[in-house]
There are 2 protein chains.
Amino acid sequence: MSRRDLLLRHSAWMQGSDSSTVVLSSRVRLARNLEEAPFPHVLSAEDAIKLEQMLSEVLSKVDVEGQKLSYLSLPELTSIEKQVLLEKHLISPALMGHQQGRGVGLIPDHRVAVMVNEEDHLRLQVLLPGGNLRETYKLATDLDDQLEKELDFAHREAHGYLTACPTNVGTGMRASVMVHLPALVITNQVQQVLGALTQLGLAVRGLYGEGSQAYGHIFQVSNQITLGKSEEDIITHIEAVTGQIVEHELQARQTLNKQARISLEDKVWRARGILANARILTSEELMHLLSEDRLGIDLEILPKLKTSFTTLLVDSLPGCLQYMLDQQLDPSERDEQRARFIRNAITS
Amino acid sequence: MSRRDLLLRHSAWMQGSDSSTVVLSSRVRLARNLEEAPFPHVLSAEDAIKLEQMLSEVLSKVDVEGQKLSYLSLPELTSIEKQVLLEKHLISPALMGHQQGRGVGLIPDHRVAVMVNEEDHLRLQVLLPGGNLRETYKLATDLDDQLEKELDFAHREAHGYLTACPTNVGTGMRASVMVHLPALVITNQVQQVLGALTQLGLAVRGLYGEGSQAYGHIFQVSNQITLGKSEEDIITHIEAVTGQIVEHELQARQTLNKQARISLEDKVWRARGILANARILTSEELMHLLSEDRLGIDLEILPKLKTSFTTLLVDSLPGCLQYMLDQQLDPSERDEQRARFIRNAITS
């Protein structure tokens, strides 16, 4: 599989997400470091490259249900390719900063991505469509077990896994779900429902991590605490909370459906009409319209689209759009091409 | 022809307006009073009714190119019927105030409407589609001549025709054109272009007369002065000024087409998309969207619609909409029915 084919593929989390209406995807990330090497931020470029060489060889032997990891070293990638990886949630913004000795191993369907020399030596990510944190965790553990046979991970009885940043010490695990909450936003309840989560040791972020706004009415809910709780407990906790968030969102949809049915129909049909006709669309407006459109589909007001919500959303981001069209575009050209892409997808 | 059929008909000015892109309609109104009777505002209800009786008999004999006038006495009409007449520009808001002894004579295609006992005993109106002020004036004069054979109009050598309000003394004529100026509005030039007209003795009003806003980017330009200028001079003056306004509008369209083509395409396609999909439309928003849609059609960006701009615009006003559907609707029901009516018209 060529690098272009690998990057152009729709990630598994983007394809299956329309079977679950509220939870778009589930993600587990494990931070692992080698006993013998300094943390990445104190590695020289030369040592980082050597370590990357060794780790990429180990990664190339890993087998994920028959799929092999392809390793992409960051300096070999164009800016647009790196942006594609970021937009598909396969690398972090932090990895973009330093490049020497950094990279990511990917399986063809993108369910597994392993970053090398980001904040920690290895960051194992499993990202599945829908609400499926337990299976996500199981796949991450399998991967962790395979790597542990080849590598000596830094681990202490008292602290668990050692990590570059103290907030990750212990399990080294961050589990998260991505949720689509249009009705809670429309009914002005989202602050109330999500605000309480901080007190439960959970963090809420936008679609693209800390500081990113909740474009497209999408939120990521993850654990803050990695120490003093077992992986099982963390998963169980997030699953329970997610269940409650889903319940709130579905109630808000019912309320809208009953008390403001005609405004709701107007809102989602207008969104569909603009998506099918606009000649200029910014990413931000598009996400907003796609979110309303998806609400309309979920409530069976609008006919379904052939392409999934998350695929349309991610493929029209600046990096993916330019990569797909195989050309560099300035922002106003992107807004035009984005509108054209969406128009074709909606009216096909 | 039943009253319902007469009122439901699309007035001539609403049907033919799409042959001319900027000038929607041309109107000439003549104010005439009888020598022997006091002005309407000092008539008793009883005397107004007697006068109306006499005038309606005279009107029933008038022949406009083979069409006869049907006389509608205001007290016989429902509120919705009166609103229909107002929205189709066949009666004035002033006529609605007093009702006893008031009414209007109409020919089937609505090109001619004669109000009885409005501000003056007779107000003769001719309203034609497109920019055709000279033909409009000719038809008004023919009508005036026919009536003058039957009635003794108050006329003085020094002052011309006497009228209830001094601003109409002289010719008693008001001539106006209705112009559609979306490009001048979009490019923020409309104040500049129309502002100068007051100094030329002309008045600018919105679609529904003094004080009404320029909904749908539609403006009415009419003469202020009725005394000391001949009818011919007034017509020539308005025609010349209208020609210049049209020129400005067409230049603004060319500028938009060249310098902001993609924003223009985006604007008009979004308007079409919302018209075809919205479930709630207020009159105000609809006029705005229809105006942008018409600009798109005129610039050959959008495919033509089966129904004319002015027909869609007038038929979706509160009175016409309720009369067409033959039911009374509260404002929110109207907004829904209006969206449905437009959706059907756009997508049919």
# chains A, B, ... in the order shown; residues from 1 in each chain; ligands from 1
call {"tool": "closest_atom_pairs", "arguments": {"of": "chain B", "to": "chain A", "cutoff": "12 Å", "atoms": "only C-alpha atoms", "output": "tab-separated table"}}
result
residue	atom	partner	partner_atom	distance
B:Ala260	CA	A:Ile280	CA	12.0
B:Arg261	CA	A:Arg279	CA	10.3
B:Ile262	CA	A:Arg279	CA	6.9
B:Ser263	CA	A:Ile280	CA	7.2
B:Leu264	CA	A:Arg279	CA	9.0
B:Glu265	CA	A:Arg279	CA	6.4
B:Asp266	CA	A:Arg279	CA	4.3
B:Lys267	CA	A:Ala278	CA	7.6
B:Val268	CA	A:Ala278	CA	8.6
B:Trp269	CA	A:Asn277	CA	5.3
B:Arg270	CA	A:Ala278	CA	5.2
B:Ala271	CA	A:Ile274	CA	8.3
B:Arg272	CA	A:Asn277	CA	7.6
B:Gly273	CA	A:Gly273	CA	4.4
B:Ile274	CA	A:Arg270	CA	5.5
B:Leu275	CA	A:Gly273	CA	8.4
B:Ala276	CA	A:Gly273	CA	7.1
B:Asn277	CA	A:Trp269	CA	5.3
B:Ala278	CA	A:Asp266	CA	5.2
B:Arg279	CA	A:Asp266	CA	4.4
B:Ile280	CA	A:Asp266	CA	5.9
B:Leu281	CA	A:Asp266	CA	9.0
B:Ile301	CA	A:Arg279	CA	11.7
B:Leu302	CA	A:Asn277	CA	10.8
B:Ser332	CA	A:Ile262	CA	10.0
B:Glu333	CA	A:Ile262	CA	10.3
B:Asp335	CA	A:Ile262	CA	10.5
B:Glu336	CA	A:Ile262	CA	8.2
B:Gln337	CA	A:Ile262	CA	11.5
B:Ala339	CA	A:Asp266	CA	9.3
B:Arg340	CA	A:Asp266	CA	11.0
B:Arg343	CA	A:Trp269	CA	11.3
call {"tool": "write_last_selection", "arguments": {"atoms": "N, CA and C atoms", "output": "JSON list (two decimals), in the first residue's frame"}}
result
[["chain", "number", "residue", "atom", "x", "y", "z"],
["B", 260, "ALA", "N", -16.72, 40.01, -7.81],
["B", 260, "ALA", "CA", -17.11, 39.17, -6.67],
["B", 260, "ALA", "C", -17.99, 38.02, -7.16],
["B", 261, "ARG", "N", -17.62, 37.46, -8.29],
["B", 261, "ARG", "CA", -18.43, 36.43, -8.92],
["B", 261, "ARG", "C", -18.75, 35.27, -7.98],
["B", 262, "ILE", "N", -17.74, 34.81, -7.27],
["B", 262, "ILE", "CA", -17.97, 33.61, -6.47],
["B", 262, "ILE", "C", -18.85, 33.90, -5.25],
["B", 263, "SER", "N", -18.67, 35.09, -4.63],
["B", 263, "SER", "CA", -19.55, 35.47, -3.51],
["B", 263, "SER", "C", -20.97, 35.64, -4.01],
["B", 264, "LEU", "N", -21.08, 36.19, -5.23],
["B", 264, "LEU", "CA", -22.40, 36.38, -5.82],
["B", 264, "LEU", "C", -23.06, 35.01, -6.06],
["B", 265, "GLU", "N", -22.32, 34.10, -6.65],
["B", 265, "GLU", "CA", -22.85, 32.74, -6.87],
["B", 265, "GLU", "C", -23.27, 32.11, -5.54],
["B", 266, "ASP", "N", -22.41, 32.27, -4.54],
["B", 266, "ASP", "CA", -22.70, 31.70, -3.22],
["B", 266, "ASP", "C", -23.99, 32.29, -2.67],
["B", 267, "LYS", "N", -24.12, 33.60, -2.76],
["B", 267, "LYS", "CA", -25.29, 34.29, -2.22],
["B", 267, "LYS", "C", -26.58, 33.81, -2.90],
["B", 268, "VAL", "N", -26.58, 33.78, -4.22],
["B", 268, "VAL", "CA", -27.83, 33.47, -4.91],
["B", 268, "VAL", "C", -28.17, 31.97, -4.82],
["B", 269, "TRP", "N", -27.14, 31.12, -4.82],
["B", 269, "TRP", "CA", -27.43, 29.68, -4.66],
["B", 269, "TRP", "C", -27.93, 29.36, -3.26],
["B", 270, "ARG", "N", -27.36, 30.06, -2.25],
["B", 270, "ARG", "CA", -27.86, 29.85, -0.89],
["B", 270, "ARG", "C", -29.32, 30.28, -0.80],
["B", 271, "ALA", "N", -29.64, 31.42, -1.43],
["B", 271, "ALA", "CA", -31.03, 31.90, -1.42],
["B", 271, "ALA", "C", -31.94, 30.82, -2.03],
["B", 272, "ARG", "N", -31.55, 30.30, -3.18],
["B", 272, "ARG", "CA", -32.35, 29.26, -3.83],
["B", 272, "ARG", "C", -32.48, 28.03, -2.93],
["B", 273, "GLY", "N", -31.36, 27.65, -2.29],
["B", 273, "GLY", "CA", -31.35, 26.48, -1.40],
["B", 273, "GLY", "C", -32.28, 26.65, -0.22],
["B", 274, "ILE", "N", -32.30, 27.85, 0.36],
["B", 274, "ILE", "CA", -33.16, 28.09, 1.52],
["B", 274, "ILE", "C", -34.62, 28.16, 1.07],
["B", 275, "LEU", "N", -34.89, 28.82, -0.05],
["B", 275, "LEU", "CA", -36.27, 28.89, -0.56],
["B", 275, "LEU", "C", -36.82, 27.49, -0.81],
["B", 276, "ALA", "N", -35.97, 26.61, -1.30],
["B", 276, "ALA", "CA", -36.43, 25.26, -1.66],
["B", 276, "ALA", "C", -36.53, 24.34, -0.45],
["B", 277, "ASN", "N", -36.00, 24.77, 0.71],
["B", 277, "ASN", "CA", -35.92, 23.85, 1.85],
["B", 277, "ASN", "C", -36.51, 24.35, 3.16],
["B", 278, "ALA", "N", -36.61, 25.67, 3.33],
["B", 278, "ALA", "CA", -37.05, 26.21, 4.62],
["B", 278, "ALA", "C", -38.46, 25.73, 4.94],
["B", 279, "ARG", "N", -38.74, 25.57, 6.21],
["B", 279, "ARG", "CA", -40.08, 25.20, 6.69],
["B", 279, "ARG", "C", -40.78, 26.36, 7.36],
["B", 280, "ILE", "N", -40.06, 27.45, 7.59],
["B", 280, "ILE", "CA", -40.62, 28.67, 8.19],
["B", 280, "ILE", "C", -40.05, 29.86, 7.42],
["B", 281, "LEU", "N", -40.90, 30.71, 6.90],
["B", 281, "LEU", "CA", -40.42, 31.91, 6.20],
["B", 281, "LEU", "C", -41.30, 33.10, 6.54],
["B", 301, "ILE", "N", -27.14, 32.87, -13.44],
["B", 301, "ILE", "CA", -26.46, 31.94, -12.54],
["B", 301, "ILE", "C", -27.44, 30.84, -12.14],
["B", 302, "LEU", "N", -28.66, 31.22, -11.86],
["B", 302, "LEU", "CA", -29.69, 30.26, -11.44],
["B", 302, "LEU", "C", -30.63, 29.96, -12.60],
["B", 332, "SER", "N", -47.65, 32.51, 12.91],
["B", 332, "SER", "CA", -46.71, 31.39, 12.79],
["B", 332, "SER", "C", -47.22, 30.35, 11.79],
["B", 333, "GLU", "N", -48.54, 30.19, 11.72],
["B", 333, "GLU", "CA", -49.10, 29.30, 10.69],
["B", 333, "GLU", "C", -48.83, 29.85, 9.29],
["B", 335, "ASP", "N", -46.26, 31.67, 8.41],
["B", 335, "ASP", "CA", -44.85, 31.45, 8.08],
["B", 335, "ASP", "C", -44.62, 30.02, 7.57],
["B", 336, "GLU", "N", -45.34, 29.08, 8.15],
["B", 336, "GLU", "CA", -45.22, 27.68, 7.69],
["B", 336, "GLU", "C", -45.84, 27.50, 6.31],
["B", 337, "GLN", "N", -47.04, 28.04, 6.13],
["B", 337, "GLN", "CA", -47.74, 27.88, 4.85],
["B", 337, "GLN", "C", -47.01, 28.62, 3.73],
["B", 339, "ALA", "N", -43.76, 29.06, 3.61],
["B", 339, "ALA", "CA", -42.61, 28.22, 3.23],
["B", 339, "ALA", "C", -43.05, 27.07, 2.34],
["B", 340, "ARG", "N", -44.19, 26.48, 2.65],
["B", 340, "ARG", "CA", -44.71, 25.37, 1.85],
["B", 340, "ARG", "C", -45.07, 25.83, 0.43],
["B", 343, "ARG", "N", -41.85, 26.54, -1.44],
["B", 343, "ARG", "CA", -41.14, 25.28, -1.70],
["B", 343, "ARG", "C", -41.75, 24.59, -2.92]]
call {"tool": "residues_around", "arguments": {"residues": "Ser283 of chain B", "least_positions_apart": "3", "cutoff": "10 Å", "atoms": "only C-alpha atoms", "output": "list in words"}}
result
Tyr215, Gly216, Leu286, Met287, His288, Leu289, Leu313, Val314, Ser316, Leu317, Pro318, Arg334, Asp335, Arg338 and Ala339 of chain B
call {"tool": "select_by_dssp", "arguments": {"residues": "segment 56-191 of chain A", "states": "helix (DSSP H, G or I)", "output": "VMD selection string"}}
result
chain A and resid 56 to 61 74 to 76 79 to 87 93 to 97 133 to 150 166 to 168 182 to 186 190 to 191
call {"tool": "closest_residue", "arguments": {"among": "A:Gln244, A:Asn257, A:Ser73, A:Gln15", "to": "His110 of chain A", "atoms": "only C-alpha atoms"}}
result
A:Gln15
call {"tool": "residues_around", "arguments": {"residues": "Ala252 of chain A", "least_positions_apart": "6", "cutoff": "8 Å", "atoms": "only C-alpha atoms", "output": "compact mmCIF listing (two decimals) with N, CA and C atoms, in the first residue's frame"}}
result
# COMPACT_ATOMS: atom_id res chain seq x y z
N ALA A 183 -28.44 18.60 20.17
CA ALA A 183 -29.67 19.00 20.86
C ALA A 183 -29.36 19.67 22.19
N LEU A 184 -28.31 19.19 22.89
CA LEU A 184 -27.92 19.85 24.14
C LEU A 184 -27.41 21.27 23.85
N THR A 187 -30.55 23.48 22.87
CA THR A 187 -31.42 23.78 24.02
C THR A 187 -30.64 24.42 25.18
call {"tool": "select_by_dssp", "arguments": {"residues": "segment 24-219 of chain B", "states": "strand (DSSP E)", "output": "mmCIF file with C-alpha atoms, in the first residue's frame"}}
result
data_model
loop_
_atom_site.group_PDB
_atom_site.id
_atom_site.type_symbol
_atom_site.label_atom_id
_atom_site.label_comp_id
_atom_site.auth_asym_id
_atom_site.auth_seq_id
_atom_site.Cartn_x
_atom_site.Cartn_y
_atom_site.Cartn_z
ATOM 1 C CA LEU B 24 -40.952 45.870 -12.372
ATOM 2 C CA SER B 25 -43.971 48.056 -13.102
ATOM 3 C CA SER B 26 -45.179 51.484 -14.178
ATOM 4 C CA ARG B 27 -48.083 53.310 -12.603
ATOM 5 C CA VAL B 28 -50.065 56.464 -13.307
ATOM 6 C CA ARG B 29 -52.679 57.765 -10.892
ATOM 7 C CA LEU B 30 -55.031 60.682 -11.584
ATOM 8 C CA ALA B 31 -56.943 62.443 -8.779
ATOM 9 C CA ARG B 32 -60.357 63.789 -9.884
ATOM 10 C CA ASP B 63 -64.878 50.256 -21.380
ATOM 11 C CA VAL B 64 -61.110 49.576 -21.183
ATOM 12 C CA GLN B 67 -62.906 45.025 -20.451
ATOM 13 C CA LYS B 68 -65.604 46.280 -18.070
ATOM 14 C CA SER B 70 -66.531 45.482 -11.678
ATOM 15 C CA TYR B 71 -67.343 47.627 -8.655
ATOM 16 C CA LEU B 72 -66.511 46.388 -5.137
ATOM 17 C CA SER B 73 -67.957 48.385 -2.235
ATOM 18 C CA GLY B 103 -64.968 51.174 -2.921
ATOM 19 C CA VAL B 104 -62.988 50.308 -6.009
ATOM 20 C CA GLY B 105 -63.778 49.500 -9.640
ATOM 21 C CA LEU B 106 -61.518 46.917 -11.250
ATOM 22 C CA VAL B 112 -57.154 49.682 -14.279
ATOM 23 C CA ALA B 113 -58.438 50.326 -10.756
ATOM 24 C CA VAL B 114 -60.587 53.306 -9.804
ATOM 25 C CA MET B 115 -60.985 54.122 -6.120
ATOM 26 C CA VAL B 116 -64.160 55.934 -5.092
ATOM 27 C CA LEU B 122 -62.074 59.389 -7.898
ATOM 28 C CA ARG B 123 -58.578 58.056 -8.076
ATOM 29 C CA LEU B 124 -57.896 56.514 -11.475
ATOM 30 C CA GLN B 125 -54.983 54.080 -11.449
ATOM 31 C CA VAL B 126 -53.320 52.337 -14.371
ATOM 32 C CA LEU B 127 -50.629 49.787 -13.422
ATOM 33 C CA LEU B 128 -48.688 47.948 -16.131
ATOM 34 C CA PRO B 129 -45.791 45.490 -15.993
ATOM 35 C CA HIS B 155 -60.994 72.242 -12.806
ATOM 36 C CA ARG B 156 -59.718 75.834 -12.803
ATOM 37 C CA GLY B 160 -55.753 72.757 -13.052
ATOM 38 C CA TYR B 161 -57.629 69.931 -11.305
ATOM 39 C CA MET B 173 -51.211 63.048 -11.509
ATOM 40 C CA ARG B 174 -48.733 60.888 -9.759
ATOM 41 C CA ALA B 175 -46.574 58.702 -11.977
ATOM 42 C CA SER B 176 -44.254 56.085 -10.530
ATOM 43 C CA VAL B 177 -42.056 53.140 -11.418
ATOM 44 C CA MET B 178 -41.238 50.184 -9.204
ATOM 45 C CA VAL B 179 -37.586 49.218 -9.548
ATOM 46 C CA HIS B 180 -35.649 46.178 -8.310
ATOM 47 C CA LEU B 202 -38.953 62.952 -6.996
ATOM 48 C CA ALA B 203 -39.894 60.768 -4.030
ATOM 49 C CA VAL B 204 -38.536 57.312 -3.189
ATOM 50 C CA ARG B 205 -40.634 54.848 -1.225
ATOM 51 C CA ILE B 218 -37.712 47.114 -4.345
ATOM 52 C CA PHE B 219 -38.177 50.880 -4.529
#
